[in-house]
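One file, model_26.txt, is given below (compact mmCIF, C-alpha atoms).
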# COMPACT_ATOMS: atom_id res chain seq x y z
CA MET A 1 105.03 94.80 133.37
CA LYS A 2 107.13 97.75 134.68
CA PRO A 3 108.08 100.51 132.17
CA ALA A 4 111.81 99.68 132.46
CA ALA A 5 111.11 96.01 131.75
CA THR A 6 108.86 96.97 128.83
CA ALA A 7 111.59 99.23 127.41
CA GLY A 8 114.19 96.48 127.87
CA ARG A 9 112.02 93.95 126.06
CA SER A 10 111.35 96.48 123.29
CA THR A 11 115.09 97.16 122.90
CA GLU A 12 115.80 93.42 122.66
CA ARG A 13 113.11 93.00 120.00
CA THR A 14 114.38 96.03 118.05
CA ALA A 15 117.97 94.74 118.20
CA ALA A 16 116.91 91.26 117.09
CA ALA A 17 114.90 92.70 114.17
CA VAL A 18 117.81 94.88 113.05
CA PHE A 19 120.20 91.92 113.41
CA ALA A 20 117.83 89.86 111.22
CA ALA A 21 117.80 92.60 108.56
CA ALA A 22 121.62 92.58 108.59
CA ALA A 23 121.67 88.79 108.18
CA PHE A 24 119.20 89.09 105.30
CA ALA A 25 121.50 91.59 103.55
CA VAL A 26 124.56 89.34 103.97
CA PHE A 27 122.91 86.07 102.96
CA TYR A 28 121.05 87.64 100.07
CA LEU A 29 124.33 88.73 98.48
CA LEU A 30 126.57 85.75 99.31
CA PRO A 31 124.97 82.90 97.28
CA GLY A 32 125.10 84.94 94.05
CA ALA A 33 128.54 86.42 94.64
CA LEU A 34 130.10 83.10 95.70
CA ARG A 35 128.07 81.03 93.23
CA LEU A 36 126.73 78.78 95.99
CA PRO A 37 124.18 76.15 94.94
CA VAL A 38 120.62 77.49 95.21
CA VAL A 39 117.14 76.45 94.13
CA PHE A 40 116.37 77.46 90.53
CA TYR A 41 112.91 77.58 88.95
CA ASP A 42 112.20 76.85 85.31
CA PRO A 43 109.28 79.04 84.16
CA LEU A 44 108.87 77.04 80.94
CA GLY A 45 108.99 73.49 82.31
CA ARG A 46 107.67 74.58 85.74
CA GLY A 47 110.30 72.53 87.54
CA PHE A 48 112.87 73.13 90.24
CA ALA A 49 116.56 72.29 90.33
CA ILE A 50 119.48 72.93 92.66
CA ALA A 51 122.58 74.24 90.93
CA ARG A 52 125.34 76.85 91.09
CA ALA A 53 124.26 78.47 87.80
CA LEU A 54 121.78 77.74 85.03
CA PRO A 55 121.08 79.64 81.79
CA SER A 56 118.12 82.01 81.28
CA PRO A 57 115.14 81.69 81.69
CA TRP A 58 115.93 79.63 84.82
CA ILE A 59 115.22 81.88 87.82
CA ARG A 60 117.63 81.97 90.78
CA TYR A 61 115.83 84.85 92.57
CA TYR A 62 113.62 82.50 94.58
CA GLY A 63 116.65 80.51 95.73
CA ASP A 64 118.51 83.64 96.86
CA LEU A 65 115.41 84.80 98.74
CA LEU A 66 115.09 81.42 100.41
CA TYR A 67 118.69 81.60 101.68
CA ALA A 68 118.28 85.16 102.94
CA THR A 69 114.90 84.56 104.60
CA ALA A 70 116.14 81.44 106.39
CA ALA A 71 119.22 83.34 107.58
CA ALA A 72 117.07 86.29 108.75
CA LEU A 73 114.70 84.04 110.72
CA PHE A 74 117.62 82.24 112.33
CA ALA A 75 119.30 85.57 113.14
CA PHE A 76 116.08 86.95 114.65
CA ALA A 77 115.82 83.97 116.99
CA LEU A 78 119.51 84.24 117.84
CA GLY A 79 119.40 88.03 118.07
CA PHE A 80 117.57 88.12 121.39
CA ARG A 81 120.56 86.38 122.99
CA LEU A 82 123.45 87.80 120.93
CA THR A 83 122.46 91.48 120.92
CA ARG A 84 121.51 91.76 124.60
CA ASN A 85 124.26 94.27 125.44
CA ALA A 86 124.73 95.70 121.97
CA ASN A 87 124.44 99.42 121.30
CA LEU A 88 121.33 99.81 119.17
CA GLY A 89 122.72 102.77 117.24
CA THR A 90 125.89 100.88 116.31
CA LEU A 91 123.92 97.76 115.41
CA THR A 92 121.54 99.74 113.18
CA GLY A 93 124.47 101.55 111.57
CA ALA A 94 126.13 98.21 110.81
CA ALA A 95 122.91 96.72 109.41
CA LEU A 96 122.21 99.72 107.18
CA SER A 97 125.86 99.69 106.02
CA LEU A 98 125.43 96.06 104.94
CA VAL A 99 122.26 96.98 103.05
CA ALA A 100 124.13 99.89 101.43
CA LEU A 101 126.96 97.52 100.51
CA ASP A 102 124.46 95.23 98.75
CA VAL A 103 122.99 98.21 96.89
CA LEU A 104 126.47 99.35 95.81
CA PHE A 105 127.36 95.82 94.67
CA TYR A 106 124.24 95.53 92.49
CA LEU A 107 124.65 99.11 91.27
CA SER A 108 128.24 98.32 90.21
CA ARG A 109 126.96 95.31 88.23
CA LEU A 110 124.37 97.55 86.57
CA VAL A 111 126.95 100.21 85.68
CA ALA A 112 129.42 97.56 84.44
CA SER A 113 126.80 96.16 82.07
CA VAL A 114 126.06 99.53 80.42
CA MET B 1 94.35 85.58 87.35
CA THR B 2 96.09 86.72 84.17
CA ALA B 3 99.48 88.40 84.13
CA HIS B 4 97.87 91.70 83.07
CA ALA B 5 95.51 91.64 86.05
CA LEU B 6 98.37 90.72 88.38
CA LEU B 7 100.41 93.61 86.97
CA ALA B 8 97.54 96.03 87.65
CA VAL B 9 97.27 94.76 91.26
CA HIS B 10 101.06 95.01 91.56
CA GLY B 11 100.91 98.64 90.42
CA VAL B 12 98.10 99.62 92.81
CA LEU B 13 99.88 97.93 95.72
CA GLY B 14 103.05 99.77 94.67
CA VAL B 15 101.35 103.15 95.04
CA VAL B 16 99.95 102.14 98.46
CA SER B 17 103.38 100.85 99.54
CA VAL B 18 105.16 104.07 98.56
CA LEU B 19 102.62 106.22 100.41
CA ALA B 20 102.45 104.02 103.51
CA VAL B 21 106.20 103.54 103.89
CA THR B 22 106.82 107.27 103.29
CA ARG B 23 104.26 108.05 106.00
CA ASP B 24 105.97 105.62 108.37
CA ALA B 25 109.34 107.25 107.67
CA ILE B 26 107.96 110.76 108.31
CA PHE B 27 106.38 109.71 111.61
CA ALA B 28 109.51 107.82 112.68
CA VAL B 29 111.69 110.88 112.06
CA LEU B 30 109.16 113.15 113.85
CA SER B 31 109.04 110.70 116.72
CA ALA B 32 112.82 110.79 117.04
CA SER B 33 113.20 114.55 116.71
CA ARG B 34 110.12 116.01 118.43
CA GLY B 35 108.39 113.17 120.21
CA GLU B 36 104.90 114.26 119.19
CA VAL B 37 102.88 115.28 116.12
CA VAL B 38 99.60 117.16 115.68
CA THR B 39 96.77 115.20 114.09
CA ALA B 40 94.33 116.60 111.52
CA GLN B 41 91.91 117.14 114.40
CA GLY B 42 94.47 119.36 116.14
CA ALA B 43 95.30 116.95 118.95
CA ALA B 44 98.93 116.41 119.91
CA ILE B 45 99.82 112.74 120.18
CA GLY B 46 103.08 110.86 120.53
CA ALA B 47 104.57 110.37 117.08
CA SER B 48 105.25 106.72 117.76
CA SER B 49 101.56 106.33 118.68
CA ALA B 50 100.80 107.92 115.31
CA LEU B 51 103.25 105.49 113.75
CA ARG B 52 101.29 102.56 115.17
CA ARG B 53 97.96 103.87 113.81
CA LEU B 54 97.72 102.30 110.37
CA GLY B 55 101.27 101.06 111.03
CA TRP B 56 100.21 97.69 109.61
CA LEU B 57 99.51 99.25 106.20
CA GLY B 58 103.18 99.70 105.17
CA PRO B 59 104.36 96.14 105.89
CA ALA B 60 101.08 94.60 104.67
CA SER B 61 101.17 96.45 101.33
CA VAL B 62 104.89 95.79 100.80
CA VAL B 63 104.54 92.08 101.59
CA ALA B 64 101.44 91.78 99.35
CA GLN B 65 103.14 93.70 96.54
CA PHE B 66 106.24 91.53 96.84
CA ALA B 67 104.14 88.34 96.75
CA VAL B 68 102.32 89.53 93.60
CA GLY B 69 105.68 90.44 92.08
CA LEU B 70 106.98 86.92 92.77
CA ALA B 71 103.87 85.47 91.10
CA LEU B 72 104.41 87.73 88.06
CA TYR B 73 108.12 87.02 87.77
CA PRO B 74 107.97 83.84 85.64
CA ALA B 75 105.71 85.59 83.09
CA TYR B 76 108.14 88.52 82.96
CA ARG B 77 111.14 86.21 82.45
CA VAL B 78 109.52 84.43 79.49
CA ARG B 79 107.36 87.04 77.77
CA VAL B 80 109.34 90.21 78.42
CA ARG B 81 112.93 89.45 79.28
CA ALA B 82 113.62 86.46 77.02
CA LEU B 83 111.62 87.73 74.04
CA ASP B 84 112.39 91.46 74.19
CA PHE B 85 114.85 92.85 76.74
CA ASP B 86 117.67 90.30 76.30
CA ARG B 87 117.51 90.78 72.49
CA ASN B 88 116.63 94.45 72.06
CA ALA B 89 117.16 96.29 75.34
CA PRO B 90 119.65 94.56 77.68
CA LEU B 91 119.87 97.69 79.83
CA TYR B 92 116.24 97.12 80.88
CA SER B 93 117.07 93.55 81.93
CA GLN B 94 119.81 94.94 84.18
CA LEU B 95 117.51 97.68 85.49
CA PHE B 96 114.89 95.09 86.37
CA ASP B 97 117.49 92.92 88.12
CA PHE B 98 118.61 95.94 90.15
CA LYS B 99 114.98 96.69 91.03
CA GLU B 100 114.30 93.15 92.22
CA HIS B 101 117.38 93.21 94.48
CA LEU B 102 116.33 96.56 95.98
CA ALA B 103 112.79 95.20 96.48
CA ALA B 104 114.12 92.24 98.49
CA LEU B 105 116.29 94.51 100.66
CA SER B 106 113.44 96.97 101.22
CA LEU B 107 111.15 94.10 102.25
CA ALA B 108 113.68 93.07 104.91
CA LEU B 109 113.88 96.62 106.25
CA VAL B 110 110.10 97.13 106.27
CA VAL B 111 109.47 93.84 108.11
CA ALA B 112 112.27 94.62 110.58
CA LEU B 113 110.75 98.06 111.17
CA ALA B 114 107.28 96.58 111.72
CA ILE B 115 108.64 94.20 114.36
CA ALA B 116 110.90 96.78 115.98
CA SER B 117 108.39 99.66 116.14
CA ARG B 118 106.09 97.71 118.48
CA GLY B 119 106.67 99.29 121.88
CA ALA B 120 108.77 102.13 120.47
CA ASP B 121 107.01 104.53 122.88
CA ALA B 122 108.64 102.77 125.81
CA ASP B 123 112.15 102.94 124.38
CA ARG B 124 113.47 106.40 123.58
CA ASP B 125 116.93 105.06 122.63
CA ALA B 126 115.39 103.11 119.75
CA ARG B 127 113.77 106.12 118.08
CA TRP B 128 116.67 107.40 115.96
CA PRO B 129 117.74 103.90 114.87
CA LEU B 130 114.13 103.19 113.88
CA ALA B 131 113.95 106.50 112.02
CA ALA B 132 117.11 105.56 110.09
CA VAL B 133 115.66 102.16 109.15
CA ALA B 134 112.33 103.74 108.12
CA ALA B 135 114.00 106.44 106.01
CA SER B 136 116.24 103.86 104.30
CA ALA B 137 113.24 101.63 103.58
CA ALA B 138 111.32 104.58 102.10
CA LEU B 139 114.30 105.52 99.89
CA LEU B 140 114.55 101.94 98.59
CA ILE B 141 110.79 101.66 98.00
CA TRP B 142 110.75 104.93 96.04
CA THR B 143 113.67 103.72 93.89
CA VAL B 144 111.95 100.38 93.29
CA ALA B 145 108.73 102.15 92.28
CA ILE B 146 110.47 104.50 89.85
CA LEU B 147 112.48 101.68 88.25
CA GLY B 148 109.30 99.58 88.04
CA VAL B 149 107.49 102.33 86.16
CA CYS B 150 110.47 102.76 83.78
CA VAL B 151 110.65 99.04 82.99
CA THR B 152 106.88 98.64 82.62
CA ALA B 153 106.69 101.70 80.37
CA ARG B 154 109.12 99.98 78.00
CA HIS B 155 107.34 96.61 77.98
CA ALA B 156 104.63 95.37 80.34
CA VAL B 157 103.87 91.63 80.69

Before we go any further, please render this structure as structure tokens.
Amino acid sequence: MKPAATAGRSTERTAAAVFAAAAFAVFYLLPGALRLPVVFYDPLGRGFAIARALPSPWIRYYGDLLYATAAALFAFALGFRLTRNANLGTLTGAALSLVALDVLFYLSRLVASV
Amino acid sequence: MTAHALLAVHGVLGVVSVLAVTRDAIFAVLSASRGEVVTAQGAAIGASSALRRLGWLGPASVVAQFAVGLALYPAYRVRVRALDFDRNAPLYSQLFDFKEHLAALSLALVVALAIASRGADADRDARWPLAAVAASAALLIWTVAILGVCVTARHAV
């Protein structure tokens, strides 16, 4: 493969990976913030349930991860097509801003609870 | 494997993750700013070539550490959070929640970096964006590690 073609393929892959990270950040935050139904795990009864909210010790972490991972995989597949002409610097800036937004959201919840 | 053994493995993998991801971030920034680094043997090589040497270690250790953390999580929720933190130290419950969210976000960045850094030599335009992702991942991993030590010091599983 020619160097220019290799670089182009590499840019597409990088853009798709960054796009997937952005999708992960968005869809990791949304189910919790919007109280969407997710998979919960009961560590005592060792069972699963789908609900908007359940009391402790039911665990919603796995459900949130499932949402975010599915969204990231879908975005990665879609990213090769959608990000073809995107500026990589802008795309990375947007993705890292979304990650920072998630961090600020969870930090605000931590500070509010103190 | 008992929860104590899993916690020990989780801790060891945490140290490896912090070192490997920090190394990746340093090489990514060097790759973007200078284009080459000098190895311990004195040879100058492309920094993104250096990034690829042992480049699997960062994502592998982070993914393994995350998987062990997921396996430990139910034990933490029952033995530590429900019996101690929620009653006696709610701040530690919140700190742990914050840590788990940062861990998930750092995992996404590390995996994205691992996929994106393949072929980074060929694409000079991608170097600074990759350096930014690597530095952000390293910052998150360090924060996760420090919070993990704080929470475990208060009450291990």

Each residue of chain A lying at most 7 Å from chain B should get a row with its shortest atom-to-atom pair and the distance in Å to one decimal, counting all atoms listed in the file; could you produce that, ordered by chain and increasing number, as a Markdown table?
| residue | atom | partner | partner_atom | distance |
| --- | --- | --- | --- | --- |
| A:Pro3 | CA | B:Ala122 | CA | 6.8 |
| A:Thr6 | CA | B:Ala122 | CA | 6.5 |
| A:Ala7 | CA | B:Asp123 | CA | 4.8 |
| A:Ser10 | CA | B:Gly119 | CA | 5.6 |
| A:Thr11 | CA | B:Asp123 | CA | 6.7 |
| A:Arg13 | CA | B:Ala116 | CA | 5.9 |
| A:Thr14 | CA | B:Ala116 | CA | 4.1 |
| A:Ala17 | CA | B:Ala112 | CA | 4.8 |
| A:Val18 | CA | B:Ala112 | CA | 6.1 |
| A:Ala21 | CA | B:Ala108 | CA | 5.5 |
| A:Phe24 | CA | B:Ala108 | CA | 6.8 |
| A:Ala25 | CA | B:Leu105 | CA | 6.6 |
| A:Pro43 | CA | B:Pro74 | CA | 5.2 |
| A:Pro57 | CA | B:Arg77 | CA | 6.1 |
| A:Leu88 | CA | B:Ala126 | CA | 6.8 |
| A:Gly89 | CA | B:Pro129 | CA | 5.6 |
| A:Thr92 | CA | B:Pro129 | CA | 5.9 |
| A:Val99 | CA | B:Leu105 | CA | 6.9 |
| A:Val103 | CA | B:Leu102 | CA | 6.9 |
| A:Tyr106 | CA | B:Phe98 | CA | 6.1 |
| A:Leu107 | CA | B:Phe98 | CA | 6.9 |
| A:Leu110 | CA | B:Gln94 | CA | 5.8 |
| A:Val114 | CA | B:Leu91 | CA | 6.5 |

Atomic distance atom CA of B:Val63 - atom CA of A:Phe27, expressed in Å with one decimal: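 Separating atom CA of B:Val63 from atom CA of A:Phe27 is a distance of 19.4 Å.
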
Separation of atom CA of A:Val26 from atom CA of A:Phe40 in Å: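 Pair atom CA of A:Phe40 / atom CA of A:Val26 returns 19.7 Å.
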
A:Leu54, A:Leu65, A:Leu98, A:Ala72 ranked by distance to A:Tyr28, top pick (using only C-alpha atoms):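 Of the candidates, the smallest distance to A:Tyr28 is held by A:Leu65.
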
Point-to-point distance from atom CA of A:Gly47 to atom CA of A:Arg60, Å rounded to tenths: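 One can read the atom CA of A:Gly47 to atom CA of A:Arg60 distance as 12.4 Å.
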
Local residues around (98.3, 99.8, 110.6), at most 12 Å away, using only C-alpha atoms, as a ChimeraX atom specification: /B:20-21,23-24,49-61,114,117-118

Go ahead and save the picked residues with C-alpha atoms, as a PDB file, in the frame of the given file.
ATOM      1  CA  ALA B  20     102.450 104.020 103.510  1.00  0.00           C
ATOM      2  CA  VAL B  21     106.200 103.540 103.890  1.00  0.00           C
ATOM      3  CA  ARG B  23     104.260 108.050 106.000  1.00  0.00           C
ATOM      4  CA  ASP B  24     105.970 105.620 108.370  1.00  0.00           C
ATOM      5  CA  SER B  49     101.560 106.330 118.680  1.00  0.00           C
ATOM      6  CA  ALA B  50     100.800 107.920 115.310  1.00  0.00           C
ATOM      7  CA  LEU B  51     103.250 105.490 113.750  1.00  0.00           C
ATOM      8  CA  ARG B  52     101.290 102.560 115.170  1.00  0.00           C
ATOM      9  CA  ARG B  53      97.960 103.870 113.810  1.00  0.00           C
ATOM     10  CA  LEU B  54      97.720 102.300 110.370  1.00  0.00           C
ATOM     11  CA  GLY B  55     101.270 101.060 111.030  1.00  0.00           C
ATOM     12  CA  TRP B  56     100.210  97.690 109.610  1.00  0.00           C
ATOM     13  CA  LEU B  57      99.510  99.250 106.200  1.00  0.00           C
ATOM     14  CA  GLY B  58     103.180  99.700 105.170  1.00  0.00           C
ATOM     15  CA  PRO B  59     104.360  96.140 105.890  1.00  0.00           C
ATOM     16  CA  ALA B  60     101.080  94.600 104.670  1.00  0.00           C
ATOM     17  CA  SER B  61     101.170  96.450 101.330  1.00  0.00           C
ATOM     18  CA  ALA B 114     107.280  96.580 111.720  1.00  0.00           C
ATOM     19  CA  SER B 117     108.390  99.660 116.140  1.00  0.00           C
ATOM     20  CA  ARG B 118     106.090  97.710 118.480  1.00  0.00           C
TER      21      ARG B 118
END

Pick from B:Gln65, B:Val29, B:Arg34, B:Ala71, whichever lies nearest to B:Met1 using all atoms listed in the file: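 The closest residue to B:Met1 is B:Ala71.
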
Which of B:Thr143, B:Asn88, B:Ser33, B:Thr152 sits closest to B:Gly11 [using only C-alpha atoms]: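 Smallest separation from B:Gly11 among the options: B:Thr152.
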
Shell of 12 Å around B:Leu72, only C-alpha atoms, local chain residues under 5 positions omitted, as a PyMOL selection string: (chain A and resi 43) or (chain B and resi 1-11+65-67+77-80+156-157)

Who sits within 7 Å of A:Glu12, only C-alpha atoms, same chain under 3 positions skipped, as a ChimeraX atom specification: /A:8-9,15-16,80,84

Those residues with C-alpha atoms, as a tab-separated table (two decimals), in the coordinates of the input please?
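After the write, out30.tsv holds the following:
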chain	number	residue	atom	x	y	z
A	8	GLY	CA	114.19	96.48	127.87
A	9	ARG	CA	112.02	93.95	126.06
A	15	ALA	CA	117.97	94.74	118.20
A	16	ALA	CA	116.91	91.26	117.09
A	80	PHE	CA	117.57	88.12	121.39
A	84	ARG	CA	121.51	91.76	124.60

Contacts of A:Tyr67 at 8 Å (all atoms listed in the file; same-chain gap of 3+ positions) as an MDAnalysis selection string: chainID A and resid 27:28 31 38 63:64 70:71

Selected residue, from B:Ala131, B:Ala103, B:Leu83, B:Ala145, that lies nearest to B:Leu19 when counting all atoms listed in the file: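 Closest to B:Leu19 of all the choices is B:Ala145.
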
Shell of 9 Å around A:Leu73, only C-alpha atoms, local chain residues under 4 positions omitted, as a VMD selection string: chain A and resid 20 23 to 24 68 to 69 77 to 78

Given only C-alpha atoms as the counted atoms, nearest of A:Leu66, A:Ala112, A:Ala94, A:Ile50 to A:Phe19: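 Between A:Leu66, A:Ala112, A:Ala94, A:Ile50, the residue approaching A:Phe19 most closely is A:Ala94.
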